[in-house]
file input37.tsv (TSV, C-alpha atoms)
chain	number	residue	atom	x	y	z
N	503	MET	CA	8.47	54.93	112.99
N	504	ASP	CA	5.63	52.64	111.96
N	505	PRO	CA	4.68	52.61	108.26
N	506	SER	CA	1.20	53.68	107.16
N	507	ILE	CA	-1.27	51.37	105.45
N	508	TRP	CA	-0.61	53.28	102.20
N	509	GLU	CA	3.11	52.58	102.42
N	510	LEU	CA	2.56	48.94	103.37
N	511	GLU	CA	0.33	48.36	100.35
N	512	THR	CA	2.63	50.12	97.85
N	513	PHE	CA	6.31	50.75	98.56
N	514	TYR	CA	6.64	48.04	101.22
N	515	ARG	CA	4.38	45.38	99.73
N	516	ASN	CA	5.68	41.88	99.06
N	517	ARG	CA	7.37	41.17	95.70
N	518	ASP	CA	8.28	38.18	93.57
N	519	LEU	CA	11.97	39.12	93.61
N	520	ILE	CA	14.07	41.46	95.73
N	521	ILE	CA	17.59	42.49	94.71
N	522	ILE	CA	19.87	44.05	97.31
N	523	GLY	CA	22.32	46.42	95.67
N	524	ALA	CA	21.73	48.92	92.84
N	525	GLY	CA	25.18	48.77	91.27
N	526	PHE	CA	25.94	47.32	87.86
N	527	THR	CA	25.27	43.73	88.96
N	528	GLY	CA	21.96	44.50	90.64
N	529	LEU	CA	20.66	46.59	87.74
N	530	TRP	CA	21.71	44.19	84.97
N	531	THR	CA	20.13	41.38	87.01
N	532	ALA	CA	16.88	43.31	87.33
N	533	ILE	CA	16.86	43.96	83.57
N	534	SER	CA	17.59	40.33	82.69
N	535	VAL	CA	14.89	39.01	85.05
N	536	LYS	CA	12.23	41.42	83.76
N	537	GLU	CA	13.10	40.65	80.14
N	538	LYS	CA	12.80	36.93	80.81
N	539	PHE	CA	9.82	37.13	83.19
N	540	PRO	CA	7.92	40.39	82.46
N	541	ALA	CA	5.11	39.56	84.90
N	542	LYS	CA	7.41	39.22	87.91
N	543	SER	CA	7.47	42.11	90.36
N	544	VAL	CA	11.08	43.16	91.02
N	545	LEU	CA	12.26	45.48	93.80
N	546	VAL	CA	15.84	46.77	94.07
N	547	VAL	CA	16.90	47.90	97.55
N	548	GLU	CA	19.94	50.17	97.90
N	549	ARG	CA	21.30	51.48	101.17
N	550	SER	CA	22.75	54.71	99.70
N	551	SER	CA	21.29	57.57	97.69
N	552	VAL	CA	23.48	56.36	94.81
N	553	PRO	CA	25.52	53.12	94.61
N	554	ILE	CA	28.89	54.07	96.11
N	555	GLY	CA	30.91	50.86	96.16
N	556	ALA	CA	32.55	50.47	92.78
N	557	SER	CA	29.96	51.14	90.08
N	558	THR	CA	30.08	54.94	90.31
N	559	ARG	CA	33.64	55.21	91.65
N	560	ASN	CA	35.74	53.25	89.14
N	561	ALA	CA	37.99	54.45	86.31
N	562	GLY	CA	35.48	53.93	83.48
N	563	PHE	CA	37.46	51.23	81.65
N	564	ALA	CA	35.73	49.00	79.11
N	565	CYS	CA	38.34	46.25	79.22
N	566	PHE	CA	38.58	42.47	79.49
N	567	GLY	CA	42.17	41.88	80.62
N	568	SER	CA	45.67	42.98	79.67
N	569	LEU	CA	48.29	40.61	78.24
N	570	THR	CA	50.21	40.21	81.49
N	571	GLU	CA	47.01	39.89	83.52
N	572	ILE	CA	45.71	37.07	81.31
N	573	ILE	CA	49.07	35.28	81.51
N	574	ALA	CA	49.22	35.66	85.30
N	575	ASP	CA	45.62	34.46	85.69
N	576	SER	CA	46.29	31.44	83.45
N	577	GLN	CA	49.20	30.45	85.65
N	578	LYS	CA	47.03	30.75	88.76
N	579	MET	CA	43.59	29.56	87.55
N	580	GLY	CA	44.48	27.48	84.51
N	581	GLY	CA	44.06	28.43	80.88
N	582	GLU	CA	40.53	27.09	80.38
N	583	ARG	CA	38.99	28.94	83.31
N	584	THR	CA	40.85	32.13	82.43
N	585	LEU	CA	39.51	32.03	78.87
N	586	GLU	CA	35.97	31.48	80.16
N	587	LEU	CA	36.36	34.60	82.28
N	588	VAL	CA	37.81	36.65	79.42
N	589	LYS	CA	34.96	35.52	77.15
N	590	MET	CA	32.41	36.55	79.76
N	591	ARG	CA	33.98	40.01	80.04
N	592	PHE	CA	34.23	40.43	76.25
N	593	GLU	CA	30.59	39.45	75.73
N	594	GLY	CA	29.54	41.74	78.57
N	595	LEU	CA	31.17	44.71	76.86
N	596	LYS	CA	29.43	43.78	73.61
N	597	LYS	CA	26.09	43.71	75.41
N	598	ILE	CA	26.65	47.22	76.77
N	599	GLN	CA	27.29	48.43	73.21
N	600	ASP	CA	24.14	46.64	72.00
N	601	TYR	CA	21.94	48.30	74.63
N	602	PHE	CA	23.28	51.85	74.56
N	603	THR	CA	24.65	54.20	71.93
N	604	PRO	CA	28.15	55.63	72.37
N	605	ASP	CA	26.72	59.11	72.97
N	606	GLU	CA	24.45	57.89	75.76
N	607	ILE	CA	27.32	56.56	77.89
N	608	ASP	CA	30.34	58.39	76.38
N	609	PHE	CA	31.63	55.07	75.06
N	610	GLU	CA	34.74	55.26	72.91
N	611	LEU	CA	36.52	52.32	71.32
N	612	CYS	CA	39.85	54.09	71.71
N	613	GLY	CA	42.04	51.02	72.14
N	614	GLY	CA	43.71	49.55	75.18
N	615	TYR	CA	47.44	49.52	75.88
N	616	GLU	CA	49.85	47.95	78.32
N	617	ILE	CA	53.24	49.38	79.20
N	618	LEU	CA	56.04	46.84	79.77
N	619	ASN	CA	59.63	47.38	80.85
N	620	ASN	CA	60.97	43.92	79.99
N	621	ASP	CA	60.23	41.29	77.36
N	622	GLN	CA	59.37	38.48	79.78
N	623	PHE	CA	55.69	38.34	78.83
N	624	LEU	CA	56.18	39.08	75.13
N	625	ALA	CA	57.36	35.50	74.59
N	626	HIS	CA	53.76	34.38	75.28
N	627	ILE	CA	51.97	36.89	73.05
N	628	ASP	CA	51.48	34.54	70.07
N	629	ASP	CA	50.05	31.80	72.26
N	630	VAL	CA	47.65	34.20	74.00
N	631	ASN	CA	46.52	35.59	70.64
N	632	PHE	CA	45.85	32.07	69.39
N	633	GLN	CA	43.74	31.33	72.47
N	634	LEU	CA	41.78	34.60	72.17
N	635	LYS	CA	41.00	34.27	68.45
N	636	SER	CA	37.78	32.35	69.13
N	637	ILE	CA	36.65	35.14	71.52
N	638	THR	CA	37.63	38.37	69.75
N	639	GLY	CA	37.65	37.06	66.17
N	640	LEU	CA	41.06	38.65	65.60
N	641	GLN	CA	44.25	36.93	64.51
N	642	LYS	CA	46.11	39.28	66.85
N	643	THR	CA	44.24	40.69	69.82
N	644	PHE	CA	47.51	41.93	71.31
N	645	ILE	CA	50.01	43.71	69.07
N	646	LEU	CA	53.48	44.91	70.02
N	647	ASN	CA	53.43	48.57	69.00
N	648	SER	CA	56.30	50.25	70.83
N	649	LYS	CA	56.51	53.01	68.21
N	650	LYS	CA	53.54	54.63	69.95
N	651	LEU	CA	55.59	55.16	73.13
N	652	GLU	CA	57.07	58.29	71.60
N	653	GLU	CA	53.69	59.37	70.23
N	654	PHE	CA	52.18	59.22	73.72
N	655	GLY	CA	55.24	60.78	75.38
N	656	PHE	CA	56.26	57.74	77.45
N	657	ARG	CA	60.00	58.42	77.51
N	658	ASN	CA	60.83	56.06	80.38
N	659	SER	CA	59.18	52.86	79.10
N	660	GLU	CA	60.44	50.01	76.91
N	661	TYR	CA	57.48	48.25	75.26
N	662	LEU	CA	53.85	48.98	74.44
N	663	VAL	CA	51.25	46.29	73.69
N	664	GLU	CA	48.08	47.44	71.91
N	665	ASN	CA	44.60	45.90	72.05
N	666	PRO	CA	42.10	47.42	69.55
N	667	CYS	CA	39.06	45.83	71.24
N	668	GLU	CA	39.02	47.94	74.40
N	669	GLY	CA	37.81	51.41	75.24
N	670	ASN	CA	36.34	53.61	77.93
N	671	LEU	CA	32.98	54.97	79.05
N	672	HIS	CA	31.29	57.22	81.60
N	673	SER	CA	30.35	55.00	84.54
N	674	GLY	CA	27.84	57.46	85.96
N	675	LYS	CA	26.01	57.82	82.64
N	676	LEU	CA	25.98	54.03	82.20
N	677	LEU	CA	24.41	53.63	85.63
N	678	GLN	CA	21.80	56.29	84.82
N	679	LYS	CA	20.90	54.56	81.56
N	680	LEU	CA	20.56	51.24	83.38
N	681	LEU	CA	18.22	52.90	85.86
N	682	GLU	CA	16.16	54.32	82.99
N	683	LYS	CA	15.99	50.86	81.41
N	684	CYS	CA	14.87	49.36	84.71
N	685	HIS	CA	12.14	51.96	85.18
N	686	GLY	CA	10.93	51.30	81.64
N	687	LEU	CA	10.63	47.60	82.45
N	688	GLY	CA	8.69	48.27	85.64
N	689	VAL	CA	11.48	47.59	88.15
N	690	GLU	CA	10.84	49.39	91.46
N	691	PHE	CA	13.41	50.91	93.82
N	692	LEU	CA	13.94	51.80	97.45
N	693	PHE	CA	17.06	53.96	97.84
N	694	GLY	CA	18.48	54.98	101.20
N	695	THR	CA	17.30	51.66	102.62
N	696	GLU	CA	19.69	49.36	104.45
N	697	VAL	CA	18.81	45.71	105.03
N	698	SER	CA	19.66	44.71	108.61
N	699	LYS	CA	18.52	41.09	108.59
N	700	ILE	CA	17.50	38.32	106.20
N	701	SER	CA	15.40	35.31	107.19
N	702	GLU	CA	13.90	32.49	105.18
N	703	ASP	CA	11.22	29.85	105.60
N	704	GLU	CA	9.84	27.21	103.26
N	705	ASP	CA	7.77	29.61	101.18
N	706	HIS	CA	9.40	33.06	101.42
N	707	VAL	CA	12.53	35.04	102.14
N	708	LEU	CA	12.14	38.11	104.34
N	709	ILE	CA	14.26	41.28	104.45
N	710	LYS	CA	14.10	43.44	107.55
N	711	THR	CA	15.08	47.12	107.75
N	712	GLU	CA	14.87	49.62	110.57
N	713	ASN	CA	11.24	50.43	109.82
N	714	PHE	CA	9.64	47.62	107.80
N	715	GLU	CA	9.77	44.08	106.43
N	716	ILE	CA	9.18	42.82	102.89
N	717	SER	CA	8.96	39.21	101.76
N	718	ALA	CA	9.63	37.74	98.35
N	719	GLU	CA	9.83	34.40	96.59
N	720	ASN	CA	13.51	34.96	95.81
N	721	LEU	CA	16.30	37.24	96.96
N	722	ILE	CA	19.43	38.25	95.04
N	723	ILE	CA	22.34	39.66	97.03
N	724	ALA	CA	24.41	41.88	94.71
N	725	THR	CA	26.35	43.91	97.24
N	726	ASN	CA	29.84	42.88	96.04
N	727	ALA	CA	32.51	44.02	98.54
N	728	PHE	CA	29.92	44.63	101.27
N	729	THR	CA	28.33	41.17	101.07
N	730	LYS	CA	29.82	39.87	104.31
N	731	ASN	CA	27.55	42.26	106.17
N	732	LEU	CA	24.76	39.90	105.09
N	733	VAL	CA	26.50	36.59	104.25
N	734	GLU	CA	29.57	35.66	106.25
N	735	ASP	CA	30.73	32.39	104.70
N	736	LEU	CA	32.15	33.59	101.35
N	737	ASP	CA	35.63	33.73	99.85
N	738	LEU	CA	35.55	37.49	99.48
N	739	PHE	CA	37.33	40.54	100.86
N	740	PRO	CA	37.14	44.27	100.08
N	741	ALA	CA	39.90	45.92	98.07
N	742	ARG	CA	40.08	49.69	97.85
N	743	GLY	CA	41.12	51.31	94.59
N	744	GLN	CA	42.40	54.88	94.90
N	745	ILE	CA	42.12	57.30	91.98
N	746	LEU	CA	43.20	60.82	91.11
N	747	LEU	CA	42.28	63.14	88.25
N	748	THR	CA	44.39	65.99	86.90
N	749	GLU	CA	43.31	69.41	85.78
N	750	PRO	CA	43.30	69.93	81.97
N	751	ILE	CA	46.75	69.47	80.40
N	752	GLU	CA	47.69	71.53	77.39
N	753	ASN	CA	48.57	69.50	74.28
N	754	LEU	CA	47.97	66.17	76.01
N	755	LYS	CA	49.26	63.38	73.74
N	756	ILE	CA	47.76	60.42	75.58
N	757	LYS	CA	44.55	58.92	74.22
N	758	GLY	CA	43.22	55.51	75.24
N	759	THR	CA	43.14	53.20	78.25
N	760	PHE	CA	46.43	51.99	79.72
N	761	HIS	CA	47.55	49.24	82.09
N	762	TYR	CA	50.83	48.77	83.90
N	763	ASP	CA	52.18	46.06	86.23
N	764	GLU	CA	49.60	43.31	85.54
N	765	GLY	CA	46.79	45.84	85.72
N	766	PHE	CA	47.58	47.08	89.23
N	767	TYR	CA	48.06	50.54	87.70
N	768	TYR	CA	45.55	51.92	85.20
N	769	PHE	CA	45.17	55.29	83.57
N	770	ARG	CA	43.29	56.96	80.71
N	771	ASN	CA	42.60	60.34	79.24
N	772	LEU	CA	39.35	61.97	80.26
N	773	GLY	CA	39.20	64.60	77.57
N	774	ASN	CA	42.43	66.53	78.10
N	775	ARG	CA	42.86	65.33	81.68
N	776	ILE	CA	44.52	62.17	83.03
N	777	LEU	CA	42.67	59.79	85.34
N	778	LEU	CA	45.03	57.44	87.19
N	779	GLY	CA	44.31	54.74	89.74
N	780	GLY	CA	45.70	51.68	91.44
N	781	ALA	CA	48.98	50.75	93.13
N	782	ARG	CA	47.20	48.89	95.94
N	783	ASN	CA	49.81	46.15	95.50
N	784	LEU	CA	52.21	48.47	97.35
N	785	ASP	CA	50.06	48.31	100.48
N	786	PHE	CA	47.71	45.34	100.26
N	787	GLU	CA	47.04	45.24	104.00
N	788	THR	CA	45.87	48.85	104.31
N	789	GLU	CA	43.84	48.68	101.09
N	790	GLU	CA	41.90	45.60	102.21
N	791	THR	CA	39.16	47.83	103.57
N	792	SER	CA	35.65	49.05	102.81
N	793	THR	CA	36.44	52.58	104.01
N	794	LEU	CA	36.00	55.11	101.21
N	795	GLU	CA	39.06	57.25	101.89
N	796	THR	CA	42.36	58.08	100.21
N	797	THR	CA	45.78	57.79	101.86
N	798	ASP	CA	48.74	60.14	101.57
N	799	PHE	CA	51.05	57.19	100.93
N	800	LEU	CA	49.31	55.91	97.79
N	801	GLN	CA	48.22	59.31	96.53
N	802	ASN	CA	51.80	60.56	96.71
N	803	HIS	CA	52.95	57.41	94.95
N	804	LEU	CA	50.38	57.87	92.19
N	805	GLU	CA	51.51	61.46	91.68
N	806	ASN	CA	55.11	60.28	91.39
N	807	PHE	CA	53.99	57.64	88.87
N	808	LEU	CA	52.44	60.43	86.83
N	809	LYS	CA	55.71	62.38	86.92
N	810	THR	CA	57.97	59.48	85.98
N	811	VAL	CA	55.89	57.20	83.73
N	812	VAL	CA	52.77	58.91	82.41
N	813	LEU	CA	53.72	62.58	82.05
N	814	PRO	CA	57.52	62.80	82.24
N	815	GLY	CA	58.70	66.38	81.94
N	816	GLN	CA	55.15	67.79	81.95
N	817	LYS	CA	53.52	69.96	84.56
N	818	PHE	CA	50.16	68.96	86.03
N	819	LYS	CA	47.89	69.67	88.96
N	820	VAL	CA	45.53	67.21	90.66
N	821	SER	CA	41.91	68.37	90.80
N	822	HIS	CA	40.07	65.36	92.28
N	823	ARG	CA	40.89	62.35	94.45
N	824	TRP	CA	38.55	59.50	95.42
N	825	SER	CA	38.37	55.77	96.07
N	826	GLY	CA	36.11	52.85	95.24
N	827	ILE	CA	35.72	49.45	96.85
N	828	MET	CA	36.13	46.27	94.80
N	829	ALA	CA	35.60	42.67	95.91
N	830	MET	CA	38.41	40.15	95.57
N	831	GLY	CA	38.94	36.54	96.55
N	832	ALA	CA	41.34	33.63	96.22
N	833	GLU	CA	40.70	33.73	92.46
N	834	LYS	CA	39.11	36.15	89.99
N	835	SER	CA	36.02	34.20	88.94
N	836	PRO	CA	32.82	35.83	90.22
N	837	VAL	CA	30.71	34.07	92.84
N	838	VAL	CA	27.25	33.43	91.38
N	839	LYS	CA	25.51	30.69	93.33
N	840	ALA	CA	22.49	29.75	95.40
N	841	ILE	CA	23.23	29.89	99.12
N	842	SER	CA	19.80	28.56	100.11
N	843	LYS	CA	16.55	27.51	98.50
N	844	ARG	CA	15.52	31.11	97.84
N	845	GLN	CA	18.70	33.19	97.99
N	846	ILE	CA	21.37	33.76	95.36
N	847	VAL	CA	24.60	35.74	95.67
N	848	ALA	CA	26.13	37.46	92.63
N	849	VAL	CA	29.32	39.06	93.88
N	850	ARG	CA	33.16	39.23	93.75
N	851	LEU	CA	33.70	40.93	90.40
N	852	SER	CA	37.44	41.49	91.00
N	853	GLY	CA	37.51	45.01	89.59
N	854	MET	CA	35.83	43.99	86.31
N	855	GLY	CA	32.22	44.82	87.16
N	856	VAL	CA	31.62	46.97	84.09
N	857	ALA	CA	32.31	44.02	81.79
N	858	LEU	CA	31.08	41.13	83.95
N	859	ALA	CA	27.77	42.46	85.29
N	860	PRO	CA	25.76	42.17	82.04
N	861	LYS	CA	26.51	38.44	81.79
N	862	ILE	CA	26.09	37.82	85.51
N	863	GLY	CA	22.59	39.28	85.23
N	864	GLU	CA	21.80	36.70	82.54
N	865	GLN	CA	23.14	33.88	84.71
N	866	VAL	CA	20.99	34.90	87.66
N	867	ALA	CA	17.87	35.14	85.47
N	868	GLU	CA	18.52	31.57	84.26
N	869	MET	CA	18.92	30.41	87.86
N	870	ILE	CA	15.61	32.05	88.78
N	871	GLY	CA	13.99	30.28	85.82
N	872	ASP	CA	15.38	26.91	86.87
N	873	HIS	CA	14.16	27.52	90.41
N	874	CYS	CA	10.62	28.20	89.18
N	875	LYS	CA	10.67	24.99	87.11
N	876	ASN	CA	11.77	23.01	90.15
N	877	LEU	CA	8.92	24.44	92.23
N	878	ILE	CA	6.37	23.53	89.55
N	879	SER	CA	7.73	20.01	89.13

call {"tool": "encode", "arguments": {"input": "input37.tsv", "output": "structure tokens"}}
result
Amino acid sequence: MDPSIWELETFYRNRDLIIIGAGFTGLWTAISVKEKFPAKSVLVVERSSVPIGASTRNAGFACFGSLTEIIADSQKMGGERTLELVKMRFEGLKKIQDYFTPDEIDFELCGGYEILNNDQFLAHIDDVNFQLKSITGLQKTFILNSKKLEEFGFRNSEYLVENPCEGNLHSGKLLQKLLEKCHGLGVEFLFGTEVSKISEDEDHVLIKTENFEISAENLIIATNAFTKNLVEDLDLFPARGQILLTEPIENLKIKGTFHYDEGFYYFRNLGNRILLGGARNLDFETEETSTLETTDFLQNHLENFLKTVVLPGQKFKVSHRWSGIMAMGAEKSPVVKAISKRQIVAVRLSGMGVALAPKIGEQVAEMIGDHCKNLIS
């Protein structure tokens, strides 16, 4: 189907900047660019009717890393790089709170917790707290508070570590508010539009779809786990996160966000229901996929985890099941880099897109600014 002249001169006209992907990273990038360069025309292209990778299909955690996760990352990435990543997440969460009121996105600073069944990691808690003081401003970001195990009804667990800086939010409402912010800044959108090919010459980068082409001065690829459909040479692979949600539970004691097993399990209360996800470490090979499905194996395991760890002795029924697709790599640092003169990738958020995307958007805007300076000079 050939486009009309009206379409070519409006919806499909050339722009200063095109962003592929309307998830958290794409939207925060659009906001940051328009705030820094109000005169630039910005178009966001999204293949689906709503972003369905991770941004609207996660667990709604506003977190920056559990105690065991930070320790494990420090051992793998080194302490300095891990702290840089934690700082980026922490500042990203602060930016969300600066932009939107709690009521707008159902944000609640309810506290974060981690369940432990041995004291192996507790020996490092003082050192981690010392390292995090410059980020959170607290003498003790992580506090051993095992007395709350009984309060929450966790009869089969040994230790509980509390973090007062974390909370939860409504991912769908956050995405809607970001869209509203983008529209207010003059960002334009094409939903239901899949990019099939990207080409670049000295002066422009061109995206091609089934029905039309649009060129721009710069292109941002913010497609996270699906990036290899457009850029092959990246250290990135998809990782599916499966989730279930219970029906309302009478007299539910649990309130807050909870991690277990270095963050591979995560659960929270959603009102008087429990939302639980994770356990992909039991079946890494199967869960390295971009297919949005659930499996009987992991769903049955998650239900058993509810019975034995989260809700021992309590009856519950599952009302919803779904999955989201994260992007992982050899390490957890996001990939934000120029891959050509006019193209930038901003991907691999390692399951922390809620917290990381606001700061990644700022980074990309700075890179666009540096690019413009280079062209002028």

call {"tool": "atom_distance", "arguments": {"input": "input37.tsv", "atom1": "atom CA of N:Gly853", "atom2": "atom CA of N:Leu569"}}
result
16.3 Å

call {"tool": "atom_distance", "arguments": {"input": "input37.tsv", "atom1": "atom CA of N:Ser636", "atom2": "atom CA of N:Ser648"}}
result
25.8 Å

call {"tool": "closest_residue", "arguments": {"input": "input37.tsv", "among": "N:Gly567, N:Glu690, N:Ala840, N:Gly525", "to": "N:Glu868", "atoms": "all atoms listed in the file"}}
result
N:Ala840

call {"tool": "closest_residue", "arguments": {"input": "input37.tsv", "among": "N:Asp628, N:Glu616, N:Glu652, N:Glu668", "to": "N:Cys565", "atoms": "only C-alpha atoms"}}
result
N:Glu668

call {"tool": "closest_residue", "arguments": {"input": "input37.tsv", "among": "N:Gln816, N:Thr584, N:Ser551, N:Asn783", "to": "N:Glu571", "atoms": "only C-alpha atoms"}}
result
N:Thr584

call {"tool": "atom_distance", "arguments": {"input": "input37.tsv", "atom1": "atom CA of N:Glu734", "atom2": "atom CA of N:Met830"}}
result
14.6 Å

call {"tool": "closest_residue", "arguments": {"input": "input37.tsv", "among": "N:Ile533, N:Gln744, N:Ile846, N:Asn670", "to": "N:Arg770", "atoms": "only C-alpha atoms"}}
result
N:Asn670

call {"tool": "residues_around", "arguments": {"input": "input37.tsv", "residues": "stretch 655-657 of chain N", "least_positions_apart": "2", "cutoff": "7 Å", "atoms": "all atoms listed in the file", "output": "PDB file with C-alpha atoms, keeping the file's coordinate frame"}}
result
ATOM      1  CA  LEU N 651      55.590  55.160  73.130  1.00  0.00           C
ATOM      2  CA  GLU N 652      57.070  58.290  71.600  1.00  0.00           C
ATOM      3  CA  GLU N 653      53.690  59.370  70.230  1.00  0.00           C
ATOM      4  CA  SER N 659      59.180  52.860  79.100  1.00  0.00           C
ATOM      5  CA  LYS N 755      49.260  63.380  73.740  1.00  0.00           C
ATOM      6  CA  VAL N 811      55.890  57.200  83.730  1.00  0.00           C
ATOM      7  CA  VAL N 812      52.770  58.910  82.410  1.00  0.00           C
ATOM      8  CA  PRO N 814      57.520  62.800  82.240  1.00  0.00           C
TER       9      PRO N 814
END

call {"tool": "closest_residue", "arguments": {"input": "input37.tsv", "among": "N:Leu777, N:Ile598, N:Leu794, N:Ile637", "to": "N:Leu680", "atoms": "all atoms listed in the file"}}
result
N:Ile598

call {"tool": "closest_residue", "arguments": {"input": "input37.tsv", "among": "N:Lys699, N:Lys710, N:Lys819, N:His672", "to": "N:Thr558", "atoms": "only C-alpha atoms"}}
result
N:His672

call {"tool": "residues_around", "arguments": {"input": "input37.tsv", "residues": "N:Ile520", "least_positions_apart": "5", "cutoff": "10 Å", "atoms": "only C-alpha atoms", "output": "list in words"}}
result
Gly528, Ala532, Ser543, Val544, Leu545, Val546, Val547, Glu690, Phe691, Val707, Leu708, Ile709, Ile716, Ser717, Ala718, Glu719, Asn720, Leu721, Ile722, Ile723 and Gln845 of chain N

call {"tool": "residues_around", "arguments": {"input": "input37.tsv", "residues": "N:Ala541", "least_positions_apart": "6", "cutoff": "12 Å", "atoms": "all atoms listed in the file", "output": "list in words"}}
result
Arg517, Asp518, Leu519, Val535, Leu687, Gly688 and Val689 of chain N

call {"tool": "build_atoms", "arguments": {"input": "input37.tsv", "residues": "stretch 724-740 of chain N", "atoms": "N, CA and C atoms", "output": "PDB file, keeping the file's coordinate frame"}}
result
ATOM      1  N   ALA N 724      23.451  41.360  95.699  1.00  0.00           N
ATOM      2  CA  ALA N 724      24.410  41.880  94.710  1.00  0.00           C
ATOM      3  C   ALA N 724      25.160  43.061  95.313  1.00  0.00           C
ATOM      4  N   THR N 725      25.697  42.839  96.493  1.00  0.00           N
ATOM      5  CA  THR N 725      26.350  43.910  97.240  1.00  0.00           C
ATOM      6  C   THR N 725      27.875  43.834  97.180  1.00  0.00           C
ATOM      7  N   ASN N 726      28.414  42.962  96.345  1.00  0.00           N
ATOM      8  CA  ASN N 726      29.840  42.880  96.040  1.00  0.00           C
ATOM      9  C   ASN N 726      30.726  42.934  97.287  1.00  0.00           C
ATOM     10  N   ALA N 727      31.529  43.980  97.448  1.00  0.00           N
ATOM     11  CA  ALA N 727      32.510  44.020  98.540  1.00  0.00           C
ATOM     12  C   ALA N 727      31.872  44.086  99.917  1.00  0.00           C
ATOM     13  N   PHE N 728      30.591  44.464  99.989  1.00  0.00           N
ATOM     14  CA  PHE N 728      29.920  44.630 101.270  1.00  0.00           C
ATOM     15  C   PHE N 728      29.053  43.429 101.636  1.00  0.00           C
ATOM     16  N   THR N 729      29.225  42.329 100.913  1.00  0.00           N
ATOM     17  CA  THR N 729      28.330  41.170 101.070  1.00  0.00           C
ATOM     18  C   THR N 729      28.462  40.510 102.424  1.00  0.00           C
ATOM     19  N   LYS N 730      29.648  40.555 103.030  1.00  0.00           N
ATOM     20  CA  LYS N 730      29.820  39.870 104.310  1.00  0.00           C
ATOM     21  C   LYS N 730      29.031  40.511 105.440  1.00  0.00           C
ATOM     22  N   ASN N 731      28.479  41.704 105.202  1.00  0.00           N
ATOM     23  CA  ASN N 731      27.550  42.260 106.170  1.00  0.00           C
ATOM     24  C   ASN N 731      26.262  41.446 106.240  1.00  0.00           C
ATOM     25  N   LEU N 732      25.986  40.701 105.167  1.00  0.00           N
ATOM     26  CA  LEU N 732      24.760  39.900 105.090  1.00  0.00           C
ATOM     27  C   LEU N 732      25.034  38.403 105.034  1.00  0.00           C
ATOM     28  N   VAL N 733      26.143  38.015 104.401  1.00  0.00           N
ATOM     29  CA  VAL N 733      26.500  36.590 104.250  1.00  0.00           C
ATOM     30  C   VAL N 733      27.966  36.432 104.654  1.00  0.00           C
ATOM     31  N   GLU N 734      28.210  35.727 105.720  1.00  0.00           N
ATOM     32  CA  GLU N 734      29.570  35.660 106.250  1.00  0.00           C
ATOM     33  C   GLU N 734      30.455  34.646 105.537  1.00  0.00           C
ATOM     34  N   ASP N 735      29.923  33.514 105.169  1.00  0.00           N
ATOM     35  CA  ASP N 735      30.730  32.390 104.700  1.00  0.00           C
ATOM     36  C   ASP N 735      30.978  32.473 103.195  1.00  0.00           C
ATOM     37  N   LEU N 736      31.792  33.443 102.764  1.00  0.00           N
ATOM     38  CA  LEU N 736      32.150  33.590 101.350  1.00  0.00           C
ATOM     39  C   LEU N 736      33.628  33.901 101.222  1.00  0.00           C
ATOM     40  N   ASP N 737      34.241  33.391 100.152  1.00  0.00           N
ATOM     41  CA  ASP N 737      35.630  33.730  99.850  1.00  0.00           C
ATOM     42  C   ASP N 737      35.630  35.106  99.183  1.00  0.00           C
ATOM     43  N   LEU N 738      35.690  36.129  99.995  1.00  0.00           N
ATOM     44  CA  LEU N 738      35.550  37.490  99.480  1.00  0.00           C
ATOM     45  C   LEU N 738      36.143  38.470 100.486  1.00  0.00           C
ATOM     46  N   PHE N 739      36.853  39.461  99.989  1.00  0.00           N
ATOM     47  CA  PHE N 739      37.330  40.540 100.860  1.00  0.00           C
ATOM     48  C   PHE N 739      37.330  41.849 100.078  1.00  0.00           C
ATOM     49  N   PRO N 740      37.161  42.975 100.770  1.00  0.00           N
ATOM     50  CA  PRO N 740      37.140  44.270 100.080  1.00  0.00           C
ATOM     51  C   PRO N 740      38.550  44.682  99.658  1.00  0.00           C
TER      52      PRO N 740
END
